[in-house]
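Data from model-v6.pdb: PDB, C-alpha atoms
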```pdb
ATOM      1  CA  MET A   1       7.953  20.968  -3.519
ATOM      2  CA  LYS A   2       4.267  20.559  -4.284
ATOM      3  CA  TYR A   3       3.044  17.149  -5.406
ATOM      4  CA  THR A   4       3.472  16.073  -9.024
ATOM      5  CA  ALA A   5       0.374  14.632 -10.706
ATOM      6  CA  THR A   6       1.324  12.376 -13.616
ATOM      7  CA  ASN A   7      -0.773  11.438 -16.638
ATOM      8  CA  ILE A   8      -1.092   7.827 -15.451
ATOM      9  CA  THR A   9      -4.708   7.221 -14.426
ATOM     10  CA  GLY A  10      -7.004   4.249 -13.945
ATOM     11  CA  ILE A  11      -4.660   2.867 -11.285
ATOM     12  CA  GLY A  12      -4.372   2.552  -7.533
ATOM     13  CA  ASP A  13      -1.731   1.826  -4.897
ATOM     14  CA  PRO A  14       1.383   2.970  -6.822
ATOM     15  CA  PHE A  15       4.828   1.710  -5.850
ATOM     16  CA  VAL A  16       8.040   2.976  -7.455
ATOM     17  CA  LEU A  17      11.365   1.141  -7.695
ATOM     18  CA  TYR A  18      14.537   2.801  -9.035
ATOM     19  CA  ASP A  19      17.060   0.309 -10.382
ATOM     20  CA  ASN A  20      20.044   0.660 -12.687
ATOM     21  CA  GLY A  21      19.005   4.024 -14.123
ATOM     22  CA  THR A  22      15.326   3.184 -14.660
ATOM     23  CA  TYR A  23      12.206   3.884 -12.642
ATOM     24  CA  TYR A  24       9.554   1.155 -12.474
ATOM     25  CA  MET A  25       6.054   1.898 -11.210
ATOM     26  CA  TYR A  26       3.786  -0.993 -10.215
ATOM     27  CA  ALA A  27       0.095  -0.485  -9.480
ATOM     28  CA  THR A  28      -3.358  -1.938  -9.131
ATOM     29  CA  HIS A  29      -4.592  -1.686 -12.719
ATOM     30  CA  ASP A  30      -5.576  -4.856 -14.584
ATOM     31  CA  ASN A  31      -7.796  -7.726 -13.486
ATOM     32  CA  ASN A  32      -5.527 -10.070 -15.461
ATOM     33  CA  GLY A  33      -2.467  -9.430 -13.320
ATOM     34  CA  ILE A  34      -0.031  -6.750 -12.175
ATOM     35  CA  SER A  35       1.007  -3.923 -14.511
ATOM     36  CA  VAL A  36       4.301  -2.031 -14.681
ATOM     37  CA  TRP A  37       5.356   1.306 -16.183
ATOM     38  CA  LYS A  38       8.989   2.347 -16.707
ATOM     39  CA  GLY A  39      11.023   5.396 -17.658
ATOM     40  CA  SER A  40      14.010   7.623 -16.970
ATOM     41  CA  SER A  41      12.191   9.800 -14.417
ATOM     42  CA  PRO A  42       9.448   9.126 -11.859
ATOM     43  CA  LYS A  43       7.087  11.352 -13.843
ATOM     44  CA  ASP A  44       7.714  10.302 -17.440
ATOM     45  CA  LEU A  45       6.786   6.626 -17.451
ATOM     46  CA  GLU A  46       5.459   4.447 -20.253
ATOM     47  CA  TYR A  47       3.270   1.397 -19.874
ATOM     48  CA  ALA A  48       5.434  -1.741 -20.168
ATOM     49  CA  GLY A  49       2.762  -4.429 -19.834
ATOM     50  CA  ILE A  50       1.741  -7.071 -17.333
ATOM     51  CA  CYS A  51       4.696  -8.286 -15.278
ATOM     52  CA  TYR A  52       2.768 -10.837 -13.174
ATOM     53  CA  ARG A  53       0.189 -12.801 -15.098
ATOM     54  CA  GLY A  54      -3.040 -13.971 -13.538
ATOM     55  CA  GLU A  55      -3.218 -17.214 -15.492
ATOM     56  CA  HIS A  56      -0.113 -18.442 -13.634
ATOM     57  CA  SER A  57      -1.118 -17.017 -10.247
ATOM     58  CA  PHE A  58      -2.493 -18.488  -7.047
ATOM     59  CA  GLY A  59      -5.242 -15.875  -7.466
ATOM     60  CA  TYR A  60      -7.847 -15.157 -10.120
ATOM     61  CA  GLU A  61      -8.801 -11.475  -9.715
ATOM     62  CA  CYS A  62      -8.319  -8.423  -7.483
ATOM     63  CA  PHE A  63      -4.623  -8.100  -8.303
ATOM     64  CA  TRP A  64      -3.905  -5.236  -5.956
ATOM     65  CA  ALA A  65      -1.165  -3.236  -4.236
ATOM     66  CA  PRO A  66       2.051  -4.702  -5.706
ATOM     67  CA  GLU A  67       5.388  -3.760  -4.158
ATOM     68  CA  VAL A  68       8.792  -4.893  -5.438
ATOM     69  CA  VAL A  69      12.174  -5.004  -3.699
ATOM     70  CA  LYS A  70      15.566  -6.091  -4.984
ATOM     71  CA  ARG A  71      16.868  -9.016  -2.972
ATOM     72  CA  ALA A  72      20.485  -9.433  -1.837
ATOM     73  CA  ASP A  73      21.046 -12.028  -4.587
ATOM     74  CA  GLY A  74      19.978  -9.519  -7.273
ATOM     75  CA  ARG A  75      16.562 -11.048  -7.925
ATOM     76  CA  PHE A  76      13.327  -9.079  -7.537
ATOM     77  CA  VAL A  77      10.564 -10.014  -5.108
ATOM     78  CA  MET A  78       6.977  -8.822  -5.434
ATOM     79  CA  HIS A  79       4.411  -8.903  -2.643
ATOM     80  CA  LEU A  80       0.829  -8.495  -3.852
ATOM     81  CA  THR A  81      -2.830  -9.151  -3.164
ATOM     82  CA  ALA A  82      -5.132 -11.470  -5.129
ATOM     83  CA  ARG A  83      -8.309 -13.464  -4.575
ATOM     84  CA  ASP A  84      -7.294 -17.057  -3.809
ATOM     85  CA  ARG A  85      -8.514 -19.649  -6.337
ATOM     86  CA  ARG A  86      -9.191 -22.098  -3.508
ATOM     87  CA  ASP A  87     -11.939 -20.157  -1.751
ATOM     88  CA  GLY A  88     -12.183 -16.622  -3.166
ATOM     89  CA  VAL A  89     -10.637 -14.992  -0.094
ATOM     90  CA  LEU A  90      -8.203 -12.090  -0.566
ATOM     91  CA  ARG A  91      -4.701 -13.214   0.330
ATOM     92  CA  THR A  92      -1.100 -12.048   0.150
ATOM     93  CA  GLY A  93       1.087 -13.507  -2.566
ATOM     94  CA  VAL A  94       4.816 -13.432  -3.191
ATOM     95  CA  ALA A  95       6.463 -13.768  -6.601
ATOM     96  CA  VAL A  96      10.055 -13.672  -7.858
ATOM     97  CA  SER A  97      11.680 -12.516 -11.102
ATOM     98  CA  ASP A  98      15.158 -12.030 -12.528
ATOM     99  CA  SER A  99      14.068  -8.679 -13.961
ATOM    100  CA  PRO A 100      12.010  -5.789 -12.521
ATOM    101  CA  GLU A 101       9.918  -5.949 -15.734
ATOM    102  CA  GLY A 102       8.895  -9.558 -15.034
ATOM    103  CA  GLY A 103       7.852 -12.181 -15.487
ATOM    104  CA  PHE A 104       7.192 -12.637 -11.825
ATOM    105  CA  LYS A 105       6.170 -16.153 -10.761
ATOM    106  CA  ASP A 106       4.748 -17.348  -7.460
ATOM    107  CA  ALA A 107       7.552 -18.386  -5.102
ATOM    108  CA  VAL A 108       5.559 -21.565  -4.519
ATOM    109  CA  ALA A 109       3.624 -22.313  -7.710
ATOM    110  CA  GLY A 110      -0.112 -21.726  -7.304
ATOM    111  CA  SER A 111       0.125 -20.922  -3.594
ATOM    112  CA  ALA A 112      -0.472 -17.761  -1.577
ATOM    113  CA  MET A 113       2.370 -16.632   0.667
ATOM    114  CA  PHE A 114       0.505 -17.475   3.874
ATOM    115  CA  ASP A 115      -2.960 -18.120   5.267
ATOM    116  CA  ILE A 116      -3.757 -16.838   8.760
ATOM    117  CA  GLY A 117      -7.443 -17.627   8.571
ATOM    118  CA  THR A 118      -8.650 -14.222   7.416
ATOM    119  CA  ALA A 119      -8.363 -12.035   4.310
ATOM    120  CA  THR A 120      -5.082 -10.112   4.008
ATOM    121  CA  ILE A 121      -4.098  -7.291   1.638
ATOM    122  CA  ASP A 122      -1.573  -4.455   1.087
ATOM    123  CA  ALA A 123       1.703  -6.204   1.925
ATOM    124  CA  SER A 124       4.803  -4.008   2.188
ATOM    125  CA  CYS A 125       8.363  -5.242   2.753
ATOM    126  CA  PHE A 126      10.774  -3.218   4.902
ATOM    127  CA  ILE A 127      14.475  -4.173   5.053
ATOM    128  CA  ASP A 128      16.353  -2.762   8.034
ATOM    129  CA  ASP A 129      19.968  -1.612   8.146
ATOM    130  CA  ASP A 130      21.051  -4.941   9.651
ATOM    131  CA  GLY A 131      19.572  -6.840   6.694
ATOM    132  CA  LYS A 132      16.591  -8.205   8.614
ATOM    133  CA  ALA A 133      13.346  -7.914   6.682
ATOM    134  CA  TYR A 134       9.776  -7.412   7.855
ATOM    135  CA  LEU A 135       6.401  -7.663   6.160
ATOM    136  CA  PHE A 136       3.643  -5.204   7.032
ATOM    137  CA  PHE A 137       0.192  -6.251   5.862
ATOM    138  CA  VAL A 138      -3.503  -5.714   6.552
ATOM    139  CA  LYS A 139      -6.151  -7.975   7.982
ATOM    140  CA  ASP A 140      -8.860  -6.880   5.575
ATOM    141  CA  CYS A 141     -12.270  -5.641   6.653
ATOM    142  CA  SER A 142     -14.000  -8.037   4.239
ATOM    143  CA  THR A 143     -13.582 -10.815   6.823
ATOM    144  CA  ASN A 144     -12.099  -9.075   9.885
ATOM    145  CA  ILE A 145     -15.074  -8.037  12.038
ATOM    146  CA  ILE A 146     -14.526  -6.492  15.490
ATOM    147  CA  ASN A 147     -17.503  -5.682  17.699
ATOM    148  CA  GLY A 148     -19.762  -5.830  14.651
ATOM    149  CA  ILE A 149     -17.622  -3.409  12.591
ATOM    150  CA  HIS A 150     -15.721  -4.493   9.489
ATOM    151  CA  THR A 151     -12.232  -3.343  10.448
ATOM    152  CA  SER A 152      -8.913  -3.254   8.606
ATOM    153  CA  GLN A 153      -5.915  -3.565  10.944
ATOM    154  CA  ILE A 154      -2.177  -3.499  10.176
ATOM    155  CA  PHE A 155       0.047  -6.365  11.306
ATOM    156  CA  ALA A 156       3.768  -7.068  10.918
ATOM    157  CA  ALA A 157       6.079 -10.073  11.081
ATOM    158  CA  GLU A 158       9.718 -10.865  10.397
ATOM    159  CA  LEU A 159      10.537 -12.285   6.966
ATOM    160  CA  SER A 160      12.904 -15.043   5.886
ATOM    161  CA  SER A 161      16.129 -13.896   4.208
ATOM    162  CA  ASP A 162      14.673 -14.737   0.772
ATOM    163  CA  LEU A 163      11.635 -12.526   1.593
ATOM    164  CA  THR A 164       9.130 -15.278   0.795
ATOM    165  CA  ARG A 165       8.054 -16.575   4.241
ATOM    166  CA  LEU A 166       6.919 -15.200   7.594
ATOM    167  CA  ILE A 167       9.239 -16.434  10.350
ATOM    168  CA  SER A 168       7.538 -14.839  13.366
ATOM    169  CA  GLU A 169       3.990 -14.541  14.616
ATOM    170  CA  PRO A 170       2.283 -11.432  13.220
ATOM    171  CA  VAL A 171       1.787  -8.622  15.731
ATOM    172  CA  LEU A 172      -0.795  -5.837  15.602
ATOM    173  CA  VAL A 173       0.894  -2.492  14.894
ATOM    174  CA  ALA A 174      -1.991  -0.139  13.979
ATOM    175  CA  GLU A 175      -5.778  -0.077  13.967
ATOM    176  CA  PRO A 176      -8.429   2.663  13.604
ATOM    177  CA  SER A 177      -8.290   4.786  16.746
ATOM    178  CA  GLN A 178      -8.154   8.510  15.938
ATOM    179  CA  GLU A 179     -11.189  10.700  15.269
ATOM    180  CA  TRP A 180     -10.193  11.565  11.669
ATOM    181  CA  GLU A 181     -10.234   7.842  10.830
ATOM    182  CA  THR A 182     -13.986   7.474  11.360
ATOM    183  CA  HIS A 183     -15.441   9.303   8.332
ATOM    184  CA  SER A 184     -16.485   5.919   6.909
ATOM    185  CA  LEU A 185     -19.179   4.926   9.410
ATOM    186  CA  PRO A 186     -21.101   3.659   7.499
ATOM    187  CA  ALA A 187     -18.799   3.248   4.508
ATOM    188  CA  PRO A 188     -19.578   4.801   1.112
ATOM    189  CA  THR A 189     -17.871   1.839  -0.544
ATOM    190  CA  VAL A 190     -18.681   1.048  -4.163
ATOM    191  CA  GLY A 191     -21.042  -1.927  -4.188
ATOM    192  CA  LEU A 192     -20.025  -3.254  -0.795
ATOM    193  CA  ILE A 193     -22.888  -2.014   1.351
ATOM    194  CA  GLU A 194     -25.491  -3.784  -0.777
ATOM    195  CA  ASP A 195     -23.443  -6.984  -0.815
ATOM    196  CA  PHE A 196     -23.128  -7.120   2.952
ATOM    197  CA  GLU A 197     -26.725  -6.039   3.614
ATOM    198  CA  SER A 198     -27.989  -8.835   1.376
ATOM    199  CA  ARG A 199     -26.291 -11.270   3.769
ATOM    200  CA  GLY A 200     -27.747  -9.538   6.806
ATOM    201  CA  GLU A 201     -24.364  -8.215   7.955
ATOM    202  CA  LYS A 202     -23.381  -4.925   9.532
ATOM    203  CA  THR A 203     -22.373  -2.194   7.099
ATOM    204  CA  ALA A 204     -20.079  -0.135   9.320
ATOM    205  CA  PHE A 205     -16.446  -0.105   8.181
ATOM    206  CA  LEU A 206     -13.178   1.291   9.531
ATOM    207  CA  TRP A 207      -9.754   1.192   7.904
ATOM    208  CA  ASN A 208      -6.073   1.341   8.651
ATOM    209  CA  GLU A 209      -4.474   0.053   5.440
ATOM    210  CA  GLY A 210      -1.748   0.688   2.860
ATOM    211  CA  PRO A 211       1.224   0.472   5.274
ATOM    212  CA  SER A 212       4.703   1.670   4.376
ATOM    213  CA  VAL A 213       7.742   2.040   6.671
ATOM    214  CA  LEU A 214      10.547   4.595   6.544
ATOM    215  CA  LYS A 215      13.505   4.710   8.957
ATOM    216  CA  HIS A 216      14.899   8.047  10.114
ATOM    217  CA  ASP A 217      17.325   8.840  12.929
ATOM    218  CA  GLY A 218      16.989   5.317  14.327
ATOM    219  CA  LYS A 219      13.199   5.484  14.498
ATOM    220  CA  TYR A 220      10.612   3.669  12.404
ATOM    221  CA  TYR A 221       7.856   5.667  10.739
ATOM    222  CA  LEU A 222       4.797   3.664   9.707
ATOM    223  CA  THR A 223       2.513   5.502   7.293
ATOM    224  CA  TYR A 224      -0.984   4.214   6.617
ATOM    225  CA  SER A 225      -4.262   5.258   5.000
ATOM    226  CA  ALA A 226      -7.652   5.555   6.673
ATOM    227  CA  ASN A 227     -11.276   5.990   5.589
ATOM    228  CA  CYS A 228     -12.737   4.623   2.372
ATOM    229  CA  PHE A 229     -10.713   4.577  -0.852
ATOM    230  CA  ASP A 230     -13.536   6.176  -2.850
ATOM    231  CA  SER A 231     -14.136   8.990  -0.368
ATOM    232  CA  ARG A 232     -12.438  12.381  -0.482
ATOM    233  CA  PHE A 233     -11.592  11.740   3.189
ATOM    234  CA  TYR A 234      -9.179   8.940   2.281
ATOM    235  CA  SER A 235      -6.014  10.300   3.929
ATOM    236  CA  VAL A 236      -2.564   9.388   5.272
ATOM    237  CA  GLY A 237      -1.402   9.275   8.880
ATOM    238  CA  TYR A 238       1.693   7.906  10.569
ATOM    239  CA  ALA A 239       2.936   6.285  13.757
ATOM    240  CA  VAL A 240       6.442   5.994  15.236
ATOM    241  CA  ALA A 241       8.282   3.142  16.971
ATOM    242  CA  GLN A 242      11.723   2.433  18.399
ATOM    243  CA  LYS A 243      11.744  -1.092  16.911
ATOM    244  CA  PRO A 244      10.472  -2.358  13.538
ATOM    245  CA  LEU A 245       7.715  -4.451  15.115
ATOM    246  CA  GLY A 246       6.639  -1.694  17.446
ATOM    247  CA  PRO A 247       4.904  -0.688  19.567
ATOM    248  CA  TYR A 248       3.865   2.177  17.257
ATOM    249  CA  ILE A 249       2.478   5.426  18.634
ATOM    250  CA  LYS A 250       0.289   7.474  16.302
ATOM    251  CA  CYS A 251       1.169  11.111  15.682
ATOM    252  CA  GLY A 252      -1.164  13.720  17.132
ATOM    253  CA  ASP A 253      -0.830  15.803  13.947
ATOM    254  CA  ASN A 254      -2.537  13.191  11.755
ATOM    255  CA  PRO A 255      -3.545  13.180   8.991
ATOM    256  CA  ILE A 256      -0.358  14.419   7.313
ATOM    257  CA  MET A 257      -1.852  14.125   3.815
ATOM    258  CA  SER A 258      -5.492  14.842   3.040
ATOM    259  CA  TYR A 259      -7.734  16.376   0.388
ATOM    260  CA  ILE A 260      -7.152  19.886  -0.932
ATOM    261  CA  GLU A 261     -10.455  21.674  -1.451
ATOM    262  CA  GLY A 262     -11.323  21.914  -5.152
ATOM    263  CA  GLU A 263      -8.078  20.248  -6.246
ATOM    264  CA  LEU A 264      -7.044  16.949  -4.655
ATOM    265  CA  SER A 265      -9.459  14.227  -3.537
ATOM    266  CA  GLY A 266      -8.680  11.104  -1.519
ATOM    267  CA  PRO A 267      -4.858  11.091  -1.532
ATOM    268  CA  GLY A 268      -3.559   7.888  -0.024
ATOM    269  CA  HIS A 269      -1.996   4.430  -0.145
ATOM    270  CA  ASN A 270       1.452   5.959  -0.215
ATOM    271  CA  SER A 271       4.832   4.265  -0.525
ATOM    272  CA  PHE A 272       8.406   5.533  -0.379
ATOM    273  CA  PHE A 273      11.175   5.319  -2.967
ATOM    274  CA  LYS A 274      14.643   6.715  -3.645
ATOM    275  CA  ASN A 275      15.326   8.740  -6.770
ATOM    276  CA  LYS A 276      18.597   8.700  -8.726
ATOM    277  CA  ARG A 277      20.057  11.316  -6.351
ATOM    278  CA  GLY A 278      19.262   9.180  -3.325
ATOM    279  CA  GLU A 279      16.468  11.468  -2.133
ATOM    280  CA  THR A 280      13.382   9.919  -0.571
ATOM    281  CA  LEU A 281      10.110  10.589  -2.380
ATOM    282  CA  CYS A 282       6.541   9.530  -1.624
ATOM    283  CA  ALA A 283       4.318   7.908  -4.263
ATOM    284  CA  PHE A 284       0.554   8.013  -3.722
ATOM    285  CA  HIS A 285      -2.713   7.997  -5.619
ATOM    286  CA  ALA A 286      -5.580  10.504  -5.729
ATOM    287  CA  HIS A 287      -8.939  10.417  -7.460
ATOM    288  CA  THR A 288      -8.606  11.136 -11.173
ATOM    289  CA  TYR A 289     -11.803  13.206 -11.134
ATOM    290  CA  TYR A 290     -12.124  15.425  -8.066
ATOM    291  CA  ASP A 291     -15.912  15.650  -8.373
ATOM    292  CA  LYS A 292     -16.376  11.918  -8.988
ATOM    293  CA  PRO A 293     -14.333   9.929  -6.446
ATOM    294  CA  SER A 294     -14.038   6.267  -7.446
ATOM    295  CA  GLY A 295     -11.548   3.501  -8.055
ATOM    296  CA  ASP A 296     -10.178   5.513 -10.985
ATOM    297  CA  ARG A 297      -7.092   7.112  -9.468
ATOM    298  CA  ARG A 298      -4.005   8.980 -10.660
ATOM    299  CA  TYR A 299      -0.372   8.241  -9.808
ATOM    300  CA  CYS A 300       1.223  11.179  -7.983
ATOM    301  CA  TYR A 301       4.362  11.766  -5.952
ATOM    302  CA  CYS A 302       5.853  14.365  -3.618
ATOM    303  CA  GLY A 303       8.859  15.135  -1.454
ATOM    304  CA  VAL A 304       9.515  13.939   2.092
ATOM    305  CA  SER A 305      11.138  15.738   5.026
ATOM    306  CA  PHE A 306      11.475  15.696   8.811
ATOM    307  CA  ASP A 307      11.372  18.742  11.066
ATOM    308  CA  LYS A 308      13.764  19.383  13.960
ATOM    309  CA  ASP A 309      11.483  17.451  16.309
ATOM    310  CA  GLY A 310      11.469  14.379  14.067
ATOM    311  CA  ARG A 311       7.972  14.888  12.709
ATOM    312  CA  LEU A 312       7.401  13.412   9.249
ATOM    313  CA  LYS A 313       6.248  15.813   6.551
ATOM    314  CA  LEU A 314       4.842  14.840   3.143
ATOM    315  CA  LEU A 315       5.484  17.865   0.910
ATOM    316  CA  TYR A 316       2.358  17.664  -1.184
ATOM    317  CA  LYS A 317       1.120  21.250  -0.851
TER     318      LYS A 317
END
```
Would you encode the structure as structure tokens?
Amino acid sequence: MKYTATNITGIGDPFVLYDNGTYYMYATHDNNGISVWKGSSPKDLEYAGICYRGEHSFGYECFWAPEVVKRADGRFVMHLTARDRRDGVLRTGVAVSDSPEGGFKDAVAGSAMFDIGTATIDASCFIDDDGKAYLFFVKDCSTNIINGIHTSQIFAAELSSDLTRLISEPVLVAEPSQEWETHSLPAPTVGLIEDFESRGEKTAFLWNEGPSVLKHDGKYYLTYSANCFDSRFYSVGYAVAQKPLGPYIKCGDNPIMSYIEGELSGPGHNSFFKNKRGETLCAFHAHTYYDKPSGDRRYCYCGVSFDKDGRLKLLYK
């Protein structure tokens, strides 16, 4: 099954939820909040509006990377990124709604989910077979500087049963370490290099971001994206662990999703979802215009499989 490219563009970071016969797709899209699309198939979705409104949020812009899970009590919980009204730092938020269409409201009115002293983005909730939940998120390179390099690292912590609080200390589960993850030194980021240079800061960037976890045969597969979002080299890799909080070992076959010459540019920030038949699919974005990589991206999806040796395959080509 080759990837399916939908007609939904101008988005990023797609996440799909199937509930009660309807597919809902949430994405980075509108600076006034989080948008949702819905429909009877993962491909044929119609815009359904803003489901989390910025005027009621702890944040005021950069409404990014929403993911929604259905809680045990039937309510829906969204984890998202926004720029905190208090100090302008990117932080993780959590909001709750009775419906997957919204309106989602901050679990604690006007407050980010947590503050660990640095910018955080790209939160993803994983619920294990025993009901325990974990949040995977990114210490963002905007404030996370290691040896003079702006570096995005993935951390994880256990969640409370209502999915709104961290109940363990975050642990590092992935950081840039493989050769393919270094195409962004220095980064070709839109507008960022000039901003940092004007403050006299280093302009080298590295990323591990966009985490998502899938369990198979008792093992935990952490997918992530590396390189810059507006580069054709934005790609997906994965790491495997025996426990949800790791340690995670990166696959030597990475990346498992990358650009297709002349066709697909910058595929990444994937997430997993079940379709109505219970099959696991992978949602991801790619640049809308192959020759003009930017923040304008298209929602796509593809199949998922594992080979006899337990290697994860994203069936995008």
Would you pick out the contacts of Leu163 of chain A at 8 Å or less, using only C-alpha atoms, so that residues sharing its chain but fewer than 2 positions from it are not included, and give the list as a VMD selection string? chain A and resid 71 77 133 159 to 161 165
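Using all atoms listed in the file, the shortest contact distance between Asn254 of chain A and any of A:His150, A:His269, A:Lys313, A:Lys308 is found at A:Lys313.
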Report the distance between atom CA of Asp106 of chain A and atom CA of Phe273 of chain A in Å, rounded to one decimal place. 24.0 Å
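What the PyMOL selection byres ((chain A and resi 223) around 8) grabs from this file is Gly210, Pro211, Ser212, Val213, Tyr221, Leu222, Tyr224, Ser225, Val236, Gly237, Tyr238, Ala239 and Asn270 of chain A.
Among the candidates A:Ala65, A:Gly303, A:Glu101, A:Lys38, the one nearest to Gly21 of chain A when counting only C-alpha atoms is A:Lys38.
In this structure, atom CA of His287 of chain A sits 14.8 Å away from atom CA of Tyr316 of chain A.
Between atom CA of Cys282 of chain A and atom CA of Phe15 of chain A lies a distance of 9.1 Å.
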Residues selected by the PyMOL selection byres ((chain A and resi 164) around 12), written as a ChimeraX atom specification: /A:69,71,76-80,92-96,105-108,111-114,123,125,133-135,157-163,165-167
For the provided coordinates, the residues matched by the PyMOL selection byres ((chain A and resi 250) around 7) should be stated as a PyMOL selection string. chain A and resi 238-240+248-249+251-252
